[in-house]
>>> print(open('run.cif').read())   # mmCIF, C-alpha atoms
data_start
loop_
_atom_site.label_atom_id
_atom_site.label_comp_id
_atom_site.auth_asym_id
_atom_site.auth_seq_id
_atom_site.Cartn_x
_atom_site.Cartn_y
_atom_site.Cartn_z
CA MET A 1 21.82 35.52 -13.45
CA SER A 2 23.60 36.41 -10.27
CA SER A 3 25.87 33.65 -9.11
CA SER A 4 26.56 33.05 -5.47
CA PRO A 5 30.04 33.19 -3.90
CA VAL A 6 32.08 30.03 -4.32
CA TRP A 7 32.28 29.28 -0.62
CA GLN A 8 28.51 29.49 -0.32
CA SER A 9 27.98 27.04 -3.15
CA LEU A 10 30.52 24.70 -1.65
CA ILE A 11 28.82 24.76 1.72
CA ALA A 12 25.44 24.18 0.10
CA ILE A 13 26.66 21.20 -1.91
CA MET A 14 28.50 19.81 1.09
CA LEU A 15 25.32 20.08 3.15
CA MET A 16 23.45 18.16 0.48
CA VAL A 17 26.13 15.46 0.32
CA VAL A 18 26.18 15.00 4.09
CA ILE A 19 22.39 14.81 4.32
CA ALA A 20 22.02 12.56 1.27
CA TYR A 21 24.62 10.07 2.49
CA GLY A 22 23.72 10.48 6.14
CA SER A 23 20.13 9.45 5.55
CA ARG A 24 21.25 6.32 3.72
CA VAL A 25 23.45 5.35 6.66
CA LEU A 26 20.92 6.39 9.28
CA GLY A 27 18.43 3.78 8.06
CA LEU A 28 20.99 1.06 8.75
CA LEU A 29 21.94 2.48 12.14
CA ILE A 30 18.36 2.71 13.30
CA MET A 31 17.49 -0.76 12.06
CA SER A 32 20.48 -2.27 13.83
CA ARG A 33 19.07 -0.97 17.10
CA VAL A 34 15.31 -0.82 16.80
CA PRO A 35 12.96 -1.59 13.89
CA LEU A 36 10.96 1.40 12.65
CA SER A 37 7.33 1.36 13.73
CA PRO A 38 4.71 1.27 10.93
CA ARG A 39 3.49 4.71 12.04
CA VAL A 40 6.92 6.33 11.66
CA ARG A 41 7.43 4.49 8.38
CA ARG A 42 4.17 5.85 7.06
CA PHE A 43 4.96 9.42 8.15
CA VAL A 44 8.36 9.38 6.51
CA ASP A 45 7.02 7.74 3.36
CA ALA A 46 4.26 10.32 2.94
CA MET A 47 6.54 13.21 3.84
CA SER A 48 9.18 12.38 1.25
CA SER A 49 6.62 12.52 -1.56
CA SER A 50 4.71 15.48 -0.09
CA VAL A 51 7.87 17.57 -0.12
CA LEU A 52 8.01 17.27 -3.90
CA ILE A 53 4.31 18.13 -4.15
CA ALA A 54 5.03 21.24 -2.09
CA VAL A 55 7.87 22.28 -4.42
CA ILE A 56 5.84 21.94 -7.63
CA THR A 57 2.42 23.28 -6.57
CA PRO A 58 3.33 27.00 -6.57
CA ILE A 59 5.24 26.56 -9.85
CA ILE A 60 2.10 25.21 -11.51
CA VAL A 61 -0.28 27.72 -9.92
CA HIS A 62 1.89 30.72 -10.81
CA GLY A 63 3.10 29.38 -14.15
CA ASP A 64 1.87 30.40 -17.60
CA GLY A 65 -0.48 28.25 -19.70
CA GLY A 66 2.47 26.33 -21.12
CA VAL A 67 3.65 25.32 -17.68
CA ARG A 68 0.18 24.18 -16.64
CA LEU A 69 -0.41 22.25 -19.83
CA ALA A 70 3.01 20.62 -19.41
CA ALA A 71 2.12 19.59 -15.87
CA ILE A 72 -1.17 18.02 -16.96
CA ALA A 73 0.46 16.20 -19.86
CA ALA A 74 3.46 14.96 -17.88
CA GLY A 75 1.29 13.86 -14.96
CA THR A 76 -1.15 12.00 -17.17
CA VAL A 77 1.57 10.22 -19.11
CA ALA A 78 3.38 9.30 -15.89
CA VAL A 79 0.24 7.69 -14.45
CA VAL A 80 -1.08 6.02 -17.61
CA LEU A 81 2.05 5.00 -19.52
CA ARG A 82 4.42 4.88 -16.56
CA SER A 83 7.20 6.01 -18.83
CA PRO A 84 9.39 8.67 -17.21
CA LEU A 85 11.11 9.87 -20.37
CA VAL A 86 7.94 10.06 -22.45
CA SER A 87 6.38 11.96 -19.56
CA ILE A 88 9.10 14.63 -19.55
CA ALA A 89 9.22 14.78 -23.35
CA MET A 90 5.45 15.29 -23.56
CA GLY A 91 5.65 18.02 -20.93
CA MET A 92 8.35 19.87 -22.86
CA LEU A 93 6.48 19.41 -26.13
CA CYS A 94 3.27 20.82 -24.65
CA ALA A 95 5.04 23.83 -23.14
CA ALA A 96 6.88 24.55 -26.38
CA GLY A 97 3.70 24.03 -28.41
CA TRP A 98 1.65 26.31 -26.19
CA ARG A 99 4.20 29.11 -26.47
CA TRP A 100 4.47 28.63 -30.22
CA TRP A 101 0.71 28.78 -30.91
CA VAL A 102 -0.75 30.75 -28.04
CA GLY A 103 2.20 32.97 -27.12
CA MET B 1 9.78 -18.46 0.56
CA LYS B 2 13.13 -20.13 0.16
CA ILE B 3 13.78 -23.24 2.23
CA LYS B 4 17.47 -22.66 3.03
CA GLU B 5 19.06 -19.26 2.73
CA ASN B 6 22.30 -18.66 0.89
CA PRO B 7 24.80 -16.60 2.86
CA THR B 8 25.24 -12.94 1.94
CA ARG B 9 28.04 -12.46 -0.57
CA LEU B 10 29.74 -9.62 -2.39
CA ASP B 11 32.07 -10.26 -5.32
CA ILE B 12 33.21 -8.98 -8.71
CA ALA B 13 31.04 -11.41 -10.68
CA GLY B 14 27.92 -10.28 -8.87
CA THR B 15 28.86 -6.63 -9.37
CA TRP B 16 29.26 -7.19 -13.11
CA ARG B 17 25.88 -8.86 -13.17
CA GLY B 18 24.40 -5.84 -11.40
CA ILE B 19 25.98 -3.45 -13.90
CA ARG B 20 24.69 -5.45 -16.87
CA MET B 21 21.19 -5.77 -15.41
CA MET B 22 21.04 -2.01 -14.90
CA LEU B 23 22.33 -1.00 -18.34
CA PRO B 24 18.92 -0.60 -20.03
CA LEU B 25 17.78 1.72 -17.25
CA ALA B 26 21.13 3.50 -17.23
CA VAL B 27 20.45 4.67 -20.77
CA PHE B 28 17.43 6.54 -19.44
CA THR B 29 19.49 7.88 -16.57
CA ILE B 30 21.86 9.48 -19.10
CA ALA B 31 18.85 11.35 -20.47
CA PHE B 32 17.84 12.45 -16.97
CA GLY B 33 21.38 13.59 -16.26
CA LEU B 34 21.29 15.52 -19.52
CA ALA B 35 18.02 17.13 -18.47
CA PHE B 36 19.60 18.09 -15.15
CA GLY B 37 22.65 19.56 -16.84
CA VAL B 38 20.53 21.67 -19.19
CA ALA B 39 18.23 22.81 -16.38
CA ALA B 40 21.26 23.68 -14.23
CA VAL B 41 22.77 25.87 -16.93
CA HIS B 42 19.52 27.77 -17.32
CA GLN B 43 19.15 28.18 -13.59
CA GLY B 44 22.50 29.96 -13.61
CA LEU B 45 24.60 27.29 -11.93
CA ALA B 46 28.27 27.14 -12.76
CA GLY B 47 29.32 23.93 -14.47
CA TRP B 48 31.42 22.83 -11.52
CA GLU B 49 28.51 23.30 -9.13
CA ALA B 50 26.22 21.04 -11.14
CA MET B 51 29.03 18.54 -11.65
CA LEU B 52 29.92 18.36 -7.95
CA MET B 53 26.27 17.73 -7.16
CA SER B 54 25.93 14.91 -9.65
CA LEU B 55 29.25 13.37 -8.57
CA PHE B 56 28.65 13.41 -4.83
CA VAL B 57 25.00 14.01 -4.04
CA PHE B 58 23.82 11.56 -6.72
CA ALA B 59 20.11 12.01 -6.12
CA ALA B 60 17.98 13.43 -8.90
CA PRO B 61 14.96 14.67 -6.86
CA SER B 62 16.99 16.69 -4.37
CA GLN B 63 19.29 18.04 -7.07
CA PHE B 64 16.32 19.24 -9.12
CA ALA B 65 14.69 20.68 -6.00
CA ALA B 66 17.96 22.46 -5.17
CA LEU B 67 17.96 24.10 -8.61
CA GLU B 68 14.64 25.67 -7.71
CA MET B 69 16.26 27.29 -4.65
CA TRP B 70 19.59 28.23 -6.22
CA HIS B 71 19.39 32.00 -5.94
CA SER B 72 22.05 34.20 -4.36
CA PRO B 73 22.30 34.34 -1.38
CA LEU B 74 21.71 30.64 -1.11
CA PRO B 75 19.01 29.75 1.44
CA LEU B 76 21.23 27.21 3.20
CA LEU B 77 18.82 26.33 5.98
CA ALA B 78 15.88 25.84 3.64
CA LEU B 79 18.06 23.88 1.26
CA ALA B 80 19.16 21.56 4.07
CA ALA B 81 15.60 21.10 5.29
CA VAL B 82 14.27 20.25 1.84
CA THR B 83 17.13 17.84 1.16
CA LEU B 84 16.51 16.19 4.50
CA ALA B 85 12.79 15.81 3.85
CA ILE B 86 13.40 14.29 0.42
CA HIS B 87 16.06 11.93 1.71
CA THR B 88 14.16 10.50 4.62
CA ARG B 89 12.93 8.09 1.97
CA HIS B 90 16.49 6.83 1.50
CA MET B 91 16.53 6.10 5.20
CA LEU B 92 13.57 3.77 4.75
CA MET B 93 15.16 2.21 1.72
CA SER B 94 18.42 1.37 3.44
CA ALA B 95 16.43 0.14 6.44
CA ALA B 96 14.63 -2.29 4.13
CA LEU B 97 18.00 -3.61 2.97
CA TYR B 98 19.30 -4.11 6.49
CA PRO B 99 18.35 -7.80 6.80
CA TRP B 100 20.53 -8.46 3.74
CA LEU B 101 23.40 -6.17 4.74
CA LYS B 102 23.68 -7.08 8.39
CA ALA B 103 25.94 -10.06 7.69
CA LEU B 104 28.68 -7.66 6.56
CA PRO B 105 30.99 -5.73 8.88
CA GLN B 106 29.59 -2.28 9.61
CA ARG B 107 32.17 -0.45 7.53
CA GLN B 108 31.19 -2.47 4.46
CA GLN B 109 27.51 -1.90 5.19
CA PHE B 110 28.11 1.83 5.12
CA ALA B 111 30.09 1.55 1.90
CA MET B 112 27.31 -0.43 0.22
CA VAL B 113 24.77 2.36 0.60
CA ILE B 114 26.96 5.12 -0.92
CA LEU B 115 25.45 4.47 -4.36
CA LEU B 116 22.03 3.52 -3.07
CA THR B 117 19.29 5.09 -5.12
CA ASP B 118 15.72 4.28 -6.11
CA SER B 119 16.33 2.12 -9.17
CA ASN B 120 19.10 -0.11 -7.92
CA TRP B 121 17.34 -0.42 -4.58
CA ALA B 122 14.16 -1.63 -6.27
CA MET B 123 16.07 -4.01 -8.51
CA ALA B 124 18.19 -5.42 -5.69
CA LEU B 125 15.25 -5.86 -3.35
CA GLY B 126 13.31 -7.64 -6.08
CA GLU B 127 16.24 -10.01 -6.62
CA TYR B 128 16.64 -10.50 -2.87
CA GLN B 129 13.03 -11.61 -2.62
CA ARG B 130 13.72 -14.12 -5.38
CA GLY B 131 16.57 -15.58 -3.34
CA GLU B 132 19.53 -13.55 -4.58
CA ARG B 133 22.15 -13.00 -1.86
CA ASN B 134 24.97 -11.43 -3.86
CA LEU B 135 25.17 -7.75 -2.90
CA GLY B 136 27.08 -7.07 -6.12
CA ILE B 137 23.63 -6.62 -7.68
CA LEU B 138 23.07 -3.55 -5.54
CA LEU B 139 26.59 -2.21 -5.97
CA GLY B 140 26.80 -2.91 -9.71
CA GLY B 141 23.41 -1.33 -10.32
CA GLY B 142 24.57 1.73 -8.40
CA ILE B 143 27.81 1.98 -10.39
CA ALA B 144 25.94 1.82 -13.70
CA LEU B 145 23.45 4.48 -12.62
CA TRP B 146 26.11 6.76 -11.16
CA GLY B 147 28.22 6.61 -14.30
CA ALA B 148 25.19 7.35 -16.47
CA TRP B 149 24.05 10.22 -14.25
CA VAL B 150 27.46 11.90 -14.24
CA ALA B 151 27.98 11.39 -17.98
CA GLY B 152 24.51 12.73 -18.72
CA THR B 153 25.12 15.81 -16.56
CA ALA B 154 28.37 16.52 -18.39
CA ILE B 155 26.65 16.28 -21.80
CA GLY B 156 23.80 18.51 -20.63
CA LEU B 157 26.22 21.12 -19.28
CA ALA B 158 28.20 21.08 -22.51
CA PHE B 159 25.24 21.66 -24.80
CA GLY B 160 22.73 23.41 -22.55
CA GLY B 161 24.48 26.76 -22.81
CA GLY B 162 24.06 26.98 -26.56
CA ILE B 163 20.32 27.53 -26.30
CA THR B 164 19.38 31.17 -25.88
CA GLU B 165 15.61 31.02 -25.40
CA PRO B 166 14.97 28.02 -23.15
CA GLU B 167 11.24 28.74 -22.80
CA ARG B 168 10.60 28.35 -26.49
CA PHE B 169 11.76 24.76 -26.36
CA GLY B 170 10.03 23.96 -23.10
CA LEU B 171 13.37 23.55 -21.31
CA ASP B 172 12.11 25.47 -18.28
CA VAL B 173 9.53 22.78 -17.49
CA ILE B 174 12.02 19.89 -17.35
CA MET B 175 12.44 20.23 -13.60
CA LEU B 176 8.70 20.47 -12.96
CA CYS B 177 7.90 17.46 -15.14
CA PHE B 178 10.67 15.44 -13.56
CA LEU B 179 9.50 16.05 -10.01
CA LEU B 180 5.87 15.47 -11.00
CA MET B 181 6.83 12.21 -12.68
CA ILE B 182 8.72 11.05 -9.58
CA VAL B 183 5.69 11.65 -7.39
CA VAL B 184 2.80 10.28 -9.45
CA GLY B 185 4.68 7.85 -11.67
CA GLY B 186 6.61 6.03 -8.99
CA ASN B 187 3.83 4.38 -7.10
CA PRO B 188 0.40 5.93 -7.52
CA ARG B 189 -1.71 4.91 -4.57
CA ALA B 190 -5.22 6.17 -4.21
CA ALA B 191 -4.69 6.38 -0.46
CA MET B 192 -2.07 9.09 -0.97
CA ALA B 193 -4.58 11.44 -2.63
CA LEU B 194 -5.61 13.02 0.66
CA PRO B 195 -2.11 13.58 2.08
CA TRP B 196 -0.96 15.00 -1.25
CA LEU B 197 -3.98 17.28 -1.53
CA ALA B 198 -3.34 18.55 1.99
CA ALA B 199 0.34 19.03 1.15
CA ALA B 200 -0.48 21.00 -2.01
CA ALA B 201 -3.06 23.23 -0.30
CA SER B 202 -0.94 24.00 2.75
CA ALA B 203 2.16 24.59 0.62
CA LEU B 204 0.29 27.07 -1.53
CA MET B 205 -1.03 29.01 1.45
CA ALA B 206 2.42 29.05 3.04
CA TYR B 207 3.86 30.21 -0.29
CA TRP B 208 1.51 33.19 -0.29
CA TRP B 209 1.65 34.18 3.35
CA LEU B 210 4.85 32.87 4.96
CA PRO B 211 8.51 33.80 4.39
CA PRO B 212 10.18 32.30 1.27
CA TYR B 213 10.85 28.53 1.07
CA LEU B 214 8.88 27.68 4.21
CA HIS B 215 6.10 26.35 1.98
CA VAL B 216 8.15 23.28 1.18
CA MET B 217 8.51 22.30 4.82
CA VAL B 218 4.88 23.12 5.58
CA GLY B 219 3.69 20.93 2.71
CA ALA B 220 6.00 18.06 3.65
CA ILE B 221 4.96 17.97 7.27
CA THR B 222 1.25 18.37 6.50
CA GLY B 223 1.41 15.46 4.06
CA GLY B 224 3.16 13.27 6.61
CA VAL B 225 0.78 14.13 9.43
CA VAL B 226 -2.33 13.55 7.30
CA ALA B 227 -0.99 10.15 6.24
CA VAL B 228 -0.47 9.16 9.87
CA LEU B 229 -3.96 10.31 10.85
CA LEU B 230 -5.66 8.28 8.10
CA PRO B 231 -7.03 4.86 9.04
CA GLY B 232 -4.18 2.35 8.93
CA ARG B 233 -5.81 -0.08 6.55
CA TRP B 234 -5.86 2.57 3.80
CA LEU B 235 -2.12 2.57 3.58
CA ARG B 236 -1.44 -1.04 4.45
CA GLU B 237 0.87 -1.81 1.54
CA SER B 238 3.25 1.14 1.72
CA ALA B 239 6.78 1.10 0.30
CA SER B 240 8.85 -1.14 2.49
#
>>> encode(input="run.cif", output="C-alpha cells")
Amino acid sequence: MSSSPVWQSLIAIMLMVVIAYGSRVLGLLIMSRVPLSPRVRRFVDAMSSSVLIAVITPIIVHGDGGVRLAAIAAGTVAVVLRSPLVSIAMGMLCAAGWRWWVG
Amino acid sequence: MKIKENPTRLDIAGTWRGIRMMLPLAVFTIAFGLAFGVAAVHQGLAGWEAMLMSLFVFAAPSQFAALEMWHSPLPLLALAAVTLAIHTRHMLMSAALYPWLKALPQRQQFAMVILLTDSNWAMALGEYQRGERNLGILLGGGIALWGAWVAGTAIGLAFGGGITEPERFGLDVIMLCFLLMIVVGGNPRAAMALPWLAAAASALMAYWWLPPYLHVMVGAITGGVVAVLLPGRWLRESAS
C-alpha cells in the first residue's frame, strides 16, 4: 500500500473536520435567520442518503460473489431485523463463507 | 403537548443521565469503531490518520466513505465534496434542535453541537418531545458515543494489523455493509426507492464514463433532485 505524504493526510483530515463541524453549526446559523423550506429539507435529506448509495453501488457491481452476497445479506438483515451489528456480522460471514466454499 | 414549558437547562446531572442512557448503544459503537479501525488498517491508513479522524471528525459514514477514497495522491476535492454531501444531514439535525438550543448564548449553542451525531440526536429529540429540557441528555449521549468510538478505533487499529488475509474473513466488506446498513436500516421509506434507484443508476454510469470519484457527486445530486421532483405527499413525513 502506498501511503500519502503526511501533509496531504493532515490537510484531508482537517478538511473533513471543518466540514463535519461546519455543517453542524450551519444548521443553527440558518435556523436563527430563516427556517428551511420543506423543499430544501427534502433535497438535503435525499442527497445525504443518496451519496452513500453512490459510494456503494460500484463496489457491489464490480465486486466478487462474496461481496454481492454480503450486500444482499447485510441489506436484508438491516431492513428486517433492524440490527446494525447483526447486519454487518452477517455480511462478513457471507463473504467469508462464499470465499471458503466457492473460492 | 405540554401545557407549560420548562426552561432550557444544561447541568452535570443531566449530562450524567445522558451518558447513562447512551451506554447500551455505546457498546455497539465500540464494535463499529473496532470495525473502522480494522478497515482503516487494511486500507493502508497509518494508525495516527485513523485516530485523528475518529477523535476529531467523529462521524462514521464519512470516515468509512473516506477510507474508500484514501489512495495516494489523496483526491482532496472529491473527499471534501463527499464529506459535505454526507454532512448536509447534520445540518438538518442541528436545525431540528434549534428551538431547544436557542435559549443558550450562541457560543454555547455551537459547543453543544460538537458531539452531535445520529444516535444522541435521535435520543435527545425523543426526550425533548416528551418534555425534557435538560441539554445534558444531548451532551452526555455525545460524550458516551465519542468515547466508545475512539476506544473502538484504538482496539481495531491494535489488532487489525495481525490479520494477513483480510478477504478470507470477510473484513473487506465491513465498510460496504456498514454504509448499506446506514442507508436502508436507518429509516426505510418506500418513497425513497425512486431517488435511490436514480442515484444508483447515475452513479454507476458516471463511474464507468466520467473521471474518478465524480460518480459520488453525480449520484448524490441525482437522488436529491429526484426527491424534490416527486409529488410532495409521497415524502410528507421526512426526517425532521
>>> residues_around(input="run.cif", residues="region 10-26 of chain B", least_positions_apart="5", cutoff="9 Å", atoms="all atoms listed in the file", output="JSON, numbers by chain")
{"B": [31, 119, 120, 123, 124, 133, 134, 135, 136, 137, 138, 139, 140, 141, 142, 143, 144, 145, 146, 147, 148, 149]}
>>> resolve_selection(input="run.cif", expression="the PyMOL selection byres ((chain B) within 7 of (chain A))", output="ChimeraX atom specification")
/B:44,53,56-57,72-74,76,80,83-92,94-95,98,110,113-114,168-171,173-174,176-181,183-185,196,199-200,203-204,215-217,219-221,223-225,227-228
>>> resolve_selection(input="run.cif", expression="the PyMOL selection byres ((chain B and resi 40-43) around 8)", output="VMD selection string")
(chain A and resid 1) or (chain B and resid 36 to 39 44 to 47 50 67 to 68 70 157 160 to 161 166 172)
>>> atom_distance(input="run.cif", atom1="CA of Ser54 (chain B)", atom2="CA of Thr153 (chain B)")
7.0 Å
>>> atom_distance(input="run.cif", atom1="CA of Gly156 (chain B)", atom2="CA of Ala65 (chain B)")
17.4 Å
>>> atom_distance(input="run.cif", atom1="CA of Ala96 (chain B)", atom2="CA of Ala59 (chain B)")
18.4 Å
>>> resolve_selection(input="run.cif", expression="the PyMOL selection byres ((chain B and resi 103) around 12)", output="PyMOL selection string")
(chain A and resi 32) or (chain B and resi 6-10+97-102+104-109+133-135)
>>> decode(input="run.cif", residues="region 12-79 of chain A", atoms="C-alpha atoms", output="PDB file, in the first residue's frame")
ATOM      1  CA  ALA A  12      -7.514  15.863   4.155  1.00  0.00           C
ATOM      2  CA  ILE A  13      -8.415  15.178   7.777  1.00  0.00           C
ATOM      3  CA  MET A  14      -8.574  18.885   8.540  1.00  0.00           C
ATOM      4  CA  LEU A  15     -10.933  19.368   5.606  1.00  0.00           C
ATOM      5  CA  MET A  16     -13.161  16.629   6.957  1.00  0.00           C
ATOM      6  CA  VAL A  17     -13.138  18.124  10.459  1.00  0.00           C
ATOM      7  CA  VAL A  18     -14.019  21.595   9.200  1.00  0.00           C
ATOM      8  CA  ILE A  19     -16.840  20.308   7.002  1.00  0.00           C
ATOM      9  CA  ALA A  20     -18.186  17.899   9.620  1.00  0.00           C
ATOM     10  CA  TYR A  21     -18.295  20.545  12.347  1.00  0.00           C
ATOM     11  CA  GLY A  22     -19.213  23.353   9.981  1.00  0.00           C
ATOM     12  CA  SER A  23     -22.356  21.588   8.826  1.00  0.00           C
ATOM     13  CA  ARG A  24     -23.462  21.048  12.420  1.00  0.00           C
ATOM     14  CA  VAL A  25     -23.060  24.761  13.129  1.00  0.00           C
ATOM     15  CA  LEU A  26     -24.522  25.854   9.808  1.00  0.00           C
ATOM     16  CA  GLY A  27     -27.887  24.297  10.650  1.00  0.00           C
ATOM     17  CA  LEU A  28     -28.103  26.502  13.736  1.00  0.00           C
ATOM     18  CA  LEU A  29     -26.978  29.615  11.878  1.00  0.00           C
ATOM     19  CA  ILE A  30     -29.515  29.157   9.115  1.00  0.00           C
ATOM     20  CA  MET A  31     -32.347  28.407  11.514  1.00  0.00           C
ATOM     21  CA  SER A  32     -31.587  31.500  13.562  1.00  0.00           C
ATOM     22  CA  ARG A  33     -32.179  33.578  10.444  1.00  0.00           C
ATOM     23  CA  VAL A  34     -34.651  31.768   8.255  1.00  0.00           C
ATOM     24  CA  PRO A  35     -36.381  28.375   8.640  1.00  0.00           C
ATOM     25  CA  LEU A  36     -35.500  25.852   5.933  1.00  0.00           C
ATOM     26  CA  SER A  37     -38.231  25.348   3.368  1.00  0.00           C
ATOM     27  CA  PRO A  38     -39.689  21.813   3.069  1.00  0.00           C
ATOM     28  CA  ARG A  39     -38.315  21.606  -0.478  1.00  0.00           C
ATOM     29  CA  VAL A  40     -34.729  22.316   0.586  1.00  0.00           C
ATOM     30  CA  ARG A  41     -35.133  19.983   3.546  1.00  0.00           C
ATOM     31  CA  ARG A  42     -36.257  17.208   1.251  1.00  0.00           C
ATOM     32  CA  PHE A  43     -33.395  17.765  -1.196  1.00  0.00           C
ATOM     33  CA  VAL A  44     -30.776  17.686   1.532  1.00  0.00           C
ATOM     34  CA  ASP A  45     -32.368  14.679   3.206  1.00  0.00           C
ATOM     35  CA  ALA A  46     -32.427  12.655  -0.005  1.00  0.00           C
ATOM     36  CA  MET A  47     -28.962  13.789  -1.031  1.00  0.00           C
ATOM     37  CA  SER A  48     -27.286  12.718   2.193  1.00  0.00           C
ATOM     38  CA  SER A  49     -28.531   9.150   1.784  1.00  0.00           C
ATOM     39  CA  SER A  50     -28.042   9.080  -1.995  1.00  0.00           C
ATOM     40  CA  VAL A  51     -24.366   9.910  -1.561  1.00  0.00           C
ATOM     41  CA  LEU A  52     -23.886   6.656   0.333  1.00  0.00           C
ATOM     42  CA  ILE A  53     -25.827   4.757  -2.328  1.00  0.00           C
ATOM     43  CA  ALA A  54     -23.486   6.248  -4.916  1.00  0.00           C
ATOM     44  CA  VAL A  55     -20.413   5.108  -2.966  1.00  0.00           C
ATOM     45  CA  ILE A  56     -21.557   1.504  -2.563  1.00  0.00           C
ATOM     46  CA  THR A  57     -23.184   0.783  -5.947  1.00  0.00           C
ATOM     47  CA  PRO A  58     -19.948   0.392  -7.970  1.00  0.00           C
ATOM     48  CA  ILE A  59     -18.402  -1.665  -5.147  1.00  0.00           C
ATOM     49  CA  ILE A  60     -21.283  -4.143  -5.365  1.00  0.00           C
ATOM     50  CA  VAL A  61     -21.449  -4.201  -9.162  1.00  0.00           C
ATOM     51  CA  HIS A  62     -17.700  -4.732  -9.572  1.00  0.00           C
ATOM     52  CA  GLY A  63     -17.255  -6.948  -6.517  1.00  0.00           C
ATOM     53  CA  ASP A  64     -16.867 -10.720  -6.469  1.00  0.00           C
ATOM     54  CA  GLY A  65     -19.672 -13.107  -5.488  1.00  0.00           C
ATOM     55  CA  GLY A  66     -18.732 -12.790  -1.829  1.00  0.00           C
ATOM     56  CA  VAL A  67     -19.148  -9.033  -1.901  1.00  0.00           C
ATOM     57  CA  ARG A  68     -22.535  -9.287  -3.606  1.00  0.00           C
ATOM     58  CA  LEU A  69     -23.790 -11.969  -1.263  1.00  0.00           C
ATOM     59  CA  ALA A  70     -22.598  -9.874   1.685  1.00  0.00           C
ATOM     60  CA  ALA A  71     -24.502  -6.870   0.360  1.00  0.00           C
ATOM     61  CA  ILE A  72     -27.722  -8.850  -0.033  1.00  0.00           C
ATOM     62  CA  ALA A  73     -27.400 -10.410   3.413  1.00  0.00           C
ATOM     63  CA  ALA A  74     -26.476  -7.172   5.187  1.00  0.00           C
ATOM     64  CA  GLY A  75     -29.217  -5.219   3.428  1.00  0.00           C
ATOM     65  CA  THR A  76     -31.877  -7.802   4.203  1.00  0.00           C
ATOM     66  CA  VAL A  77     -30.904  -8.065   7.855  1.00  0.00           C
ATOM     67  CA  ALA A  78     -30.793  -4.275   8.188  1.00  0.00           C
ATOM     68  CA  VAL A  79     -34.337  -3.935   6.828  1.00  0.00           C
TER      69      VAL A  79
END
